[in-house]
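Below is input.tsv, holding TSV, C-alpha atoms (C1' of nucleotides).
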chain	number	residue	atom	x	y	z
B	170	MET	CA	0.00	0.00	0.00
B	171	PRO	CA	1.79	3.09	-1.11
B	172	GLU	CA	2.08	5.65	1.66
B	173	LEU	CA	4.48	8.57	2.01
B	174	PRO	CA	7.73	6.52	1.92
B	175	GLU	CA	6.67	4.54	-1.14
B	176	VAL	CA	5.44	7.65	-2.96
B	177	GLU	CA	8.68	9.44	-2.07
B	178	THR	CA	10.70	6.53	-3.47
B	179	VAL	CA	8.75	6.75	-6.73
B	180	ARG	CA	9.21	10.53	-6.75
B	181	ARG	CA	12.98	10.15	-6.53
B	182	GLY	CA	12.89	7.77	-9.46
B	183	LEU	CA	10.81	10.21	-11.47
B	184	GLU	CA	13.19	13.03	-10.62
B	185	ARG	CA	16.04	11.05	-12.12
B	186	HIS	CA	14.31	9.52	-15.11
B	187	LEU	CA	11.31	11.63	-16.09
B	188	VAL	CA	12.20	15.26	-15.39
B	189	GLY	CA	13.43	16.93	-18.56
B	190	ARG	CA	11.74	14.38	-20.81
B	191	ARG	CA	9.20	15.39	-23.43
B	192	ILE	CA	6.00	13.36	-23.57
B	193	GLU	CA	5.46	12.61	-27.25
B	194	ARG	CA	2.38	10.41	-27.15
B	195	VAL	CA	-0.15	9.29	-24.55
B	196	GLU	CA	-2.45	6.28	-24.34
B	197	VAL	CA	-5.29	5.90	-21.87
B	198	GLY	CA	-6.73	2.43	-21.68
B	199	ARG	CA	-9.18	2.77	-18.86
B	200	GLU	CA	-11.53	5.66	-18.30
B	201	ARG	CA	-11.85	5.02	-14.56
B	202	THR	CA	-8.18	5.94	-14.02
B	203	VAL	CA	-8.81	9.41	-15.45
B	204	ARG	CA	-12.32	9.70	-13.99
B	205	ARG	CA	-11.73	13.15	-12.51
B	206	THR	CA	-11.64	14.52	-16.06
B	207	SER	CA	-11.50	12.34	-19.19
B	208	SER	CA	-9.14	10.48	-21.53
B	209	GLU	CA	-9.33	13.40	-23.95
B	210	ALA	CA	-8.36	15.93	-21.27
B	211	VAL	CA	-5.42	13.84	-20.04
B	212	ILE	CA	-4.15	13.10	-23.54
B	213	ALA	CA	-4.47	16.74	-24.62
B	214	GLY	CA	-2.92	18.01	-21.38
B	215	LEU	CA	0.14	15.75	-21.60
B	216	THR	CA	0.95	15.40	-25.28
B	217	ASP	CA	3.99	17.43	-26.36
B	218	THR	CA	4.81	18.79	-22.90
B	219	VAL	CA	8.05	18.59	-20.90
B	220	VAL	CA	8.07	17.46	-17.26
B	221	VAL	CA	9.93	20.16	-15.34
B	222	ALA	CA	9.94	18.77	-11.77
B	223	ALA	CA	8.90	15.84	-9.59
B	224	ASP	CA	7.22	16.90	-6.36
B	225	ARG	CA	5.20	15.16	-3.68
B	226	ARG	CA	2.75	16.24	-1.03
B	227	GLY	CA	1.54	13.48	1.27
B	228	LYS	CA	0.66	10.58	-0.99
B	229	TYR	CA	0.17	12.81	-4.04
B	230	LEU	CA	2.77	12.83	-6.82
B	231	LEU	CA	2.88	16.21	-8.55
B	232	LEU	CA	4.66	16.69	-11.86
B	233	PRO	CA	4.68	20.29	-13.12
B	234	LEU	CA	4.79	20.62	-16.92
B	235	ASP	CA	6.25	23.35	-19.13
B	236	SER	CA	2.68	24.14	-20.20
B	237	GLY	CA	1.95	25.51	-16.72
B	238	ASP	CA	-0.30	22.58	-15.85
B	239	THR	CA	0.58	19.88	-13.31
B	240	VAL	CA	0.04	16.12	-13.50
B	241	MET	CA	-1.25	14.59	-10.30
B	242	ILE	CA	-0.84	10.85	-9.82
B	243	HIS	CA	-2.33	9.10	-6.80
B	244	LEU	CA	-1.44	5.41	-6.38
B	245	ARG	CA	-4.13	4.70	-3.77
B	246	MET	CA	-4.11	0.97	-3.00
B	247	SER	CA	-2.42	-0.82	-5.85
B	248	GLY	CA	-1.07	1.80	-8.26
B	249	GLN	CA	2.43	1.50	-9.71
B	250	VAL	CA	4.44	3.88	-11.86
B	251	LEU	CA	6.96	1.98	-13.95
B	252	LEU	CA	9.61	2.97	-16.46
B	253	ALA	CA	10.18	0.57	-19.34
B	254	PRO	CA	11.94	0.43	-22.70
B	255	GLY	CA	9.70	1.37	-25.61
B	256	GLY	CA	7.67	-1.54	-26.91
B	257	ALA	CA	8.16	-3.72	-23.83
B	258	VAL	CA	5.32	-6.09	-22.96
B	259	ARG	CA	2.96	-4.29	-20.59
B	260	PRO	CA	1.62	-5.92	-17.44
B	261	LEU	CA	-2.07	-6.56	-17.00
B	262	HIS	CA	-3.93	-3.43	-15.79
B	263	THR	CA	-1.67	-0.90	-17.51
B	264	HIS	CA	-4.11	1.99	-17.80
B	265	VAL	CA	-1.96	4.94	-18.91
B	266	VAL	CA	1.16	4.92	-21.10
B	267	LEU	CA	3.41	7.91	-21.72
B	268	HIS	CA	5.80	7.65	-24.66
B	269	LEU	CA	8.92	9.67	-23.84
B	270	ASP	CA	11.38	11.38	-26.17
B	271	ASP	CA	14.26	9.14	-25.00
B	272	GLY	CA	12.51	6.03	-26.26
B	273	HIS	CA	11.23	4.91	-22.85
B	274	GLU	CA	7.65	4.48	-21.74
B	275	MET	CA	6.15	5.37	-18.40
B	276	TRP	CA	3.32	3.11	-17.31
B	277	PHE	CA	0.60	3.64	-14.76
B	278	VAL	CA	-0.46	0.14	-13.67
B	279	ASP	CA	-3.29	-0.33	-11.18
B	280	PRO	CA	-5.21	-3.60	-10.68
B	281	ARG	CA	-7.72	-2.27	-8.15
B	282	THR	CA	-8.26	0.96	-10.08
B	283	PHE	CA	-8.54	3.17	-7.00
B	284	GLY	CA	-5.60	5.20	-8.30
B	285	GLU	CA	-5.96	8.16	-10.63
B	286	VAL	CA	-4.19	10.46	-13.04
B	287	VAL	CA	-5.29	14.03	-13.71
B	288	VAL	CA	-3.83	17.08	-15.43
B	289	PHE	CA	-4.87	20.31	-13.78
B	290	ASP	CA	-4.10	24.01	-13.55
B	291	PRO	CA	-2.31	24.52	-10.19
B	292	ASP	CA	-3.92	27.96	-9.84
B	293	ARG	CA	-7.25	26.15	-9.65
B	294	VAL	CA	-6.14	23.37	-7.28
B	295	ALA	CA	-8.92	23.98	-4.75
B	296	ALA	CA	-11.56	23.53	-7.44
B	297	GLU	CA	-9.88	20.73	-9.41
B	298	VAL	CA	-8.34	18.60	-6.62
B	299	PRO	CA	-9.96	19.74	-3.35
B	300	ALA	CA	-8.35	17.03	-1.21
B	301	LEU	CA	-4.89	18.14	-2.33
B	302	ALA	CA	-5.61	21.74	-1.40
B	303	ALA	CA	-6.93	20.64	2.01
B	304	LEU	CA	-3.90	18.48	2.88
B	305	GLY	CA	-2.29	18.87	6.30
B	306	VAL	CA	1.42	19.27	6.99
B	307	ASP	CA	3.80	16.93	5.15
B	308	PRO	CA	6.19	15.74	7.89
B	309	ILE	CA	9.10	15.14	5.49
B	310	ALA	CA	8.77	17.86	2.83
B	311	GLU	CA	7.75	20.70	5.15
B	312	PRO	CA	8.88	22.07	8.52
B	313	PHE	CA	7.29	19.79	11.10
B	314	ASP	CA	8.14	21.07	14.55
B	315	THR	CA	6.32	20.50	17.81
B	316	ARG	CA	4.28	23.60	17.17
B	317	ALA	CA	3.02	22.11	13.91
B	318	LEU	CA	2.02	18.95	15.74
B	319	ARG	CA	0.36	20.92	18.50
B	320	ARG	CA	-1.57	22.85	15.86
B	321	ALA	CA	-2.47	19.59	14.13
B	322	PHE	CA	-3.45	17.68	17.25
B	323	GLY	CA	-4.59	20.63	19.29
B	324	THR	CA	-7.05	19.62	21.94
B	325	SER	CA	-8.75	17.03	19.75
B	326	SER	CA	-10.66	14.37	21.62
B	327	ARG	CA	-10.10	11.98	18.72
B	328	ALA	CA	-7.97	8.85	19.12
B	329	LEU	CA	-4.38	9.00	17.90
B	330	LYS	CA	-4.71	6.45	15.10
B	331	PRO	CA	-7.63	8.04	13.21
B	332	LEU	CA	-5.94	11.39	13.68
B	333	LEU	CA	-2.69	10.13	12.13
B	334	LEU	CA	-4.66	8.66	9.23
B	335	ASP	CA	-6.52	11.92	8.62
B	336	GLN	CA	-4.81	13.54	5.62
B	337	HIS	CA	-6.14	16.96	6.63
B	338	VAL	CA	-4.05	16.73	9.80
B	339	VAL	CA	-0.74	15.10	8.78
B	340	ALA	CA	-0.31	14.20	5.11
B	341	GLY	CA	1.10	10.89	3.92
B	342	ILE	CA	0.57	8.44	6.79
B	343	GLY	CA	-1.49	5.34	6.01
B	344	ASN	CA	-2.44	2.23	7.92
B	345	ILE	CA	0.97	0.55	8.03
B	346	TYR	CA	2.99	3.55	9.16
B	347	ALA	CA	0.34	4.75	11.63
B	348	ASP	CA	0.70	1.44	13.47
B	349	GLU	CA	4.51	1.50	13.29
B	350	ILE	CA	4.71	5.15	14.42
B	351	LEU	CA	2.43	4.60	17.42
B	352	HIS	CA	4.39	1.53	18.40
B	353	ARG	CA	7.69	3.40	18.27
B	354	ALA	CA	6.14	6.22	20.31
B	355	ARG	CA	4.78	3.63	22.77
B	356	LEU	CA	1.32	5.13	22.54
B	357	ARG	CA	-1.94	3.21	22.28
B	358	PRO	CA	-3.83	3.76	19.02
B	359	ASP	CA	-7.07	4.46	20.88
B	360	ARG	CA	-5.54	7.02	23.20
B	361	PRO	CA	-7.19	10.46	22.87
B	362	ALA	CA	-4.87	13.07	21.35
B	363	SER	CA	-5.82	15.54	24.06
B	364	SER	CA	-4.26	13.25	26.69
B	365	LEU	CA	-0.73	13.86	25.37
B	366	ASP	CA	1.47	16.23	27.32
B	367	GLY	CA	4.26	18.22	25.65
B	368	ARG	CA	6.81	15.48	26.24
B	369	ARG	CA	4.69	12.75	24.65
B	370	ARG	CA	3.81	15.04	21.75
B	371	ARG	CA	7.53	15.50	21.12
B	372	ILE	CA	8.06	11.74	21.23
B	373	LEU	CA	5.23	11.24	18.77
B	374	ARG	CA	6.60	13.92	16.44
B	375	GLN	CA	10.02	12.29	16.51
B	376	SER	CA	8.51	8.85	15.88
B	377	ILE	CA	6.64	10.14	12.83
B	378	VAL	CA	9.84	11.60	11.37
B	379	ASP	CA	12.02	8.61	12.32
B	380	VAL	CA	9.71	5.90	11.01
B	381	LEU	CA	9.05	7.70	7.73
B	382	ALA	CA	12.75	8.51	7.23
B	383	ALA	CA	13.79	4.91	7.95
B	384	ALA	CA	11.14	3.62	5.57
B	385	ILE	CA	12.29	5.99	2.80
B	386	GLU	CA	15.85	4.84	3.45
B	387	ALA	CA	14.68	1.23	2.95
B	388	GLY	CA	12.82	2.11	-0.26
B	389	GLY	CA	9.38	1.62	1.34
B	390	SER	CA	7.46	-1.53	2.28
B	391	THR	CA	6.59	-4.23	-0.24
B	392	LEU	CA	3.89	-6.57	1.05
B	393	GLY	CA	2.55	-9.76	-0.42
B	394	ASP	CA	-0.71	-8.61	-1.93
B	395	ALA	CA	-0.56	-5.12	-3.43
B	396	GLN	CA	3.10	-5.52	-4.49
B	397	TYR	CA	4.42	-2.01	-4.25
B	398	VAL	CA	7.58	-1.54	-6.35
B	399	ASP	CA	9.59	1.49	-7.39
B	400	LEU	CA	9.95	3.00	-10.86
B	401	MET	CA	12.41	0.33	-11.93
B	402	GLY	CA	10.34	-2.51	-10.50
B	403	ALA	CA	12.44	-3.03	-7.36
B	404	SER	CA	10.86	-3.98	-4.03
B	405	GLY	CA	11.35	-2.04	-0.81
B	406	SER	CA	12.69	-3.70	2.33
B	407	TYR	CA	11.06	-1.81	5.21
B	408	GLN	CA	8.57	-4.66	5.68
B	409	ASP	CA	11.47	-6.52	7.33
B	410	GLU	CA	11.59	-3.79	9.95
B	411	HIS	CA	7.87	-3.73	10.78
B	412	ARG	CA	7.48	-4.21	14.53
B	413	VAL	CA	3.70	-4.64	14.76
B	414	TYR	CA	2.04	-4.33	11.35
B	415	GLY	CA	0.99	-7.77	10.15
B	416	ARG	CA	2.24	-9.36	13.37
B	417	GLY	CA	-1.05	-9.89	15.18
B	418	GLY	CA	-0.82	-12.80	17.63
B	419	GLU	CA	2.99	-12.71	17.75
B	420	ARG	CA	5.13	-11.85	20.72
B	421	CYS	CA	6.04	-8.14	20.78
B	422	LEU	CA	9.56	-7.65	19.37
B	423	THR	CA	10.11	-4.57	21.49
B	424	CYS	CA	9.17	-5.59	25.04
B	425	ARG	CA	9.14	-9.37	24.44
B	426	ARG	CA	6.40	-9.66	27.03
B	427	GLY	CA	3.18	-8.56	25.34
B	428	TRP	CA	1.35	-10.21	22.46
B	429	VAL	CA	0.61	-8.01	19.46
B	430	ARG	CA	-3.12	-7.37	19.31
B	431	ARG	CA	-5.05	-6.95	16.09
B	432	SER	CA	-8.29	-5.03	16.28
B	433	VAL	CA	-10.43	-3.24	13.70
B	434	THR	CA	-11.08	0.49	13.89
B	435	GLY	CA	-12.87	2.35	11.16
B	436	GLY	CA	-12.73	-0.79	9.06
B	437	ARG	CA	-8.92	-0.84	9.22
B	438	GLY	CA	-6.75	-3.43	10.90
B	439	THR	CA	-4.83	-1.98	13.84
B	440	HIS	CA	-1.78	-3.70	15.33
B	441	TRP	CA	-0.36	-2.78	18.72
B	442	CYS	CA	1.21	-4.13	21.88
B	443	PRO	CA	-0.93	-3.63	25.01
B	444	VAL	CA	2.14	-3.98	27.24
B	445	CYS	CA	4.48	-1.36	25.81
B	446	GLN	CA	1.93	0.99	24.24
B	447	ARG	CA	0.06	3.07	26.83
S	626	DA	C1'	-17.31	17.59	15.56
S	627	DA	C1'	-16.80	12.81	15.54
S	628	DC	C1'	-18.31	8.43	14.77
S	629	DT	C1'	-19.80	4.37	11.73
S	630	DG	C1'	-20.82	2.09	7.58
S	631	DT	C1'	-20.75	1.69	2.46
S	632	DC	C1'	-18.73	1.88	-1.86
S	633	DC	C1'	-15.25	1.51	-5.47
S	634	DC	C1'	-12.04	-2.98	-7.40
S	635	DT	C1'	-9.07	-7.01	-7.96
S	636	DG	C1'	-6.09	-10.69	-6.32
S	637	DC	C1'	-5.26	-13.85	-3.16
S	638	DA	C1'	-6.08	-17.25	0.52
S	639	DA	C1'	-9.00	-20.07	3.16
S	640	DG	C1'	-12.69	-23.23	3.38
S	641	DC	C1'	-15.80	-26.42	1.55
F	942	DT	C1'	-9.38	-29.77	-8.22
F	943	DG	C1'	-12.68	-25.99	-8.56
F	944	DC	C1'	-15.78	-23.35	-6.71
F	945	DT	C1'	-17.44	-19.56	-3.30
F	946	DT	C1'	-16.55	-16.41	0.23
F	947	DG	C1'	-14.00	-13.11	2.83
F	948	DC	C1'	-10.52	-9.87	3.28
F	949	DA	C1'	-7.14	-6.16	2.32
F	950	DG	C1'	-7.15	-0.97	1.89
F	951	DG	C1'	-7.40	5.17	0.74
F	952	DG	C1'	-10.54	8.19	0.53
F	953	DA	C1'	-15.20	10.10	-0.69
F	954	DC	C1'	-19.51	10.14	1.00
F	955	DA	C1'	-23.94	9.49	3.63
F	956	DG	C1'	-26.16	8.92	7.79
F	957	DT	C1'	-26.40	9.33	12.92
Starting from the file, give its structure as structure tokens.
Amino acid sequence: MPELPEVETVRRGLERHLVGRRIERVEVGRERTVRRTSSEAVIAGLTDTVVVAADRRGKYLLLPLDSGDTVMIHLRMSGQVLLAPGGAVRPLHTHVVLHLDDGHEMWFVDPRTFGEVVVFDPDRVAAEVPALAALGVDPIAEPFDTRALRRAFGTSSRALKPLLLDQHVVAGIGNIYADEILHRARLRPDRPASSLDGRRRRILRQSIVDVLAAAIEAGGSTLGDAQYVDLMGASGSYQDEHRVYGRGGERCLTCRRGWVRRSVTGGRGTHWCPVCQR
DNA sequence: AACTGTCCCTGCAAGC
DNA sequence: TGCTTGCAGGGACAGT
């Protein structure tokens, strides 16, 4: 499941291999992937433009073009962005193909089709991609000090886990990293945000930064089912460092006393150790 | 404001 | 072996 570290890994690949390239031709094979606008709009918006940068905010990939427009790619659950030699055999569920001026192709592959591609005018972001305009602080790309966390968490009575998952609050954290962050911070996922004192808020802030940085360093997490891979098709390795995610029923690796619990909150699996997370 | 549930979709694993 | 069922999840949305 691509979250901030996976999207950042893809962004770095795009920065190296896509920026500066001219898009000569575009194919859209599935309307649902471009549902925010249309095949025609995406093809017209991309054809004969040059990608001038590779940015990211939260889980959103943002590629400004020399036309003044920006391409937004969201991988959601199962999206992949892959670079391939021209004419290579495409995987099943390749929905968008960009033909580049260096002979390569960029593929957007997405079995579950939650992901999307849109070309929009960044001056009209609030109208065209409201969720992007409403995003909270990005803990890696933007200054993220204790004050930012205090502003984000404020005196909210909400539990920590749903708050971490809320993209309006902190951008880029999904289910895997929320569980890992809370475990590192030794905080229970159901603990109300308003119960944190300044010291615990600082610990949580540091855990957010540390877990995300370590995961980026490892190239993200590649799990069995959704098969996240980077631009060149390589797997990440942070799954080997998961302490609680996917470890329900196992002995806690941190305290070696508790058993990792798996519960469901808001329809999402939540993994945590009742002994070391309080 | 905060919560719960539903939907979108496919691949995979478990169970019969 | 071959079917059916359940589950995974980000985010939009509706209802309470």
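We find CA of Val266 (chain B) and CA of Asp292 (chain B) to be spaced 26.1 Å apart.
From CA of Leu334 (chain B) back to C1' of DC954 (chain F), the distance works out to 17.0 Å.
The space between CA of Gly438 (chain B) and CA of Arg204 (chain B) spans 28.7 Å.
Contacts from chain B to chain S at a cut-off of 7 Å (all atoms listed in the file) map to Pro280, Arg281 and Thr282 of chain B.
Proximity ranking of B:Asn344, B:Ser390, B:Ser404, B:Ser363 relative to chain F places B:Asn344 first, based on only C-alpha atoms (C1' of nucleotides).
Within 10 Å of the point (8.4, 21.3, -17.6), counting only C-alpha atoms (C1' of nucleotides), the protein and nucleic acid residues come to Val188, Gly189, Arg190, Arg191, Thr218, Val219, Val220, Val221, Ala222, Ala223, Leu232, Pro233, Leu234, Asp235, Ser236, Gly237, Asp238 and Thr239 of chain B.
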Check: which chain F residues lie within 10 Å of chain B using all atoms listed in the file, as a PDB file with C-alpha atoms (C1' of nucleotides), keeping the file's coordinate frame:
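Final output, saved to part_24.pdb:
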ATOM      1  C1'  DA F 949      -7.140  -6.160   2.320  1.00  0.00           C
ATOM      2  C1'  DG F 950      -7.150  -0.970   1.890  1.00  0.00           C
ATOM      3  C1'  DG F 951      -7.400   5.170   0.740  1.00  0.00           C
ATOM      4  C1'  DG F 952     -10.540   8.190   0.530  1.00  0.00           C
ATOM      5  C1'  DA F 953     -15.200  10.100  -0.690  1.00  0.00           C
TER       6       DA F 953
END
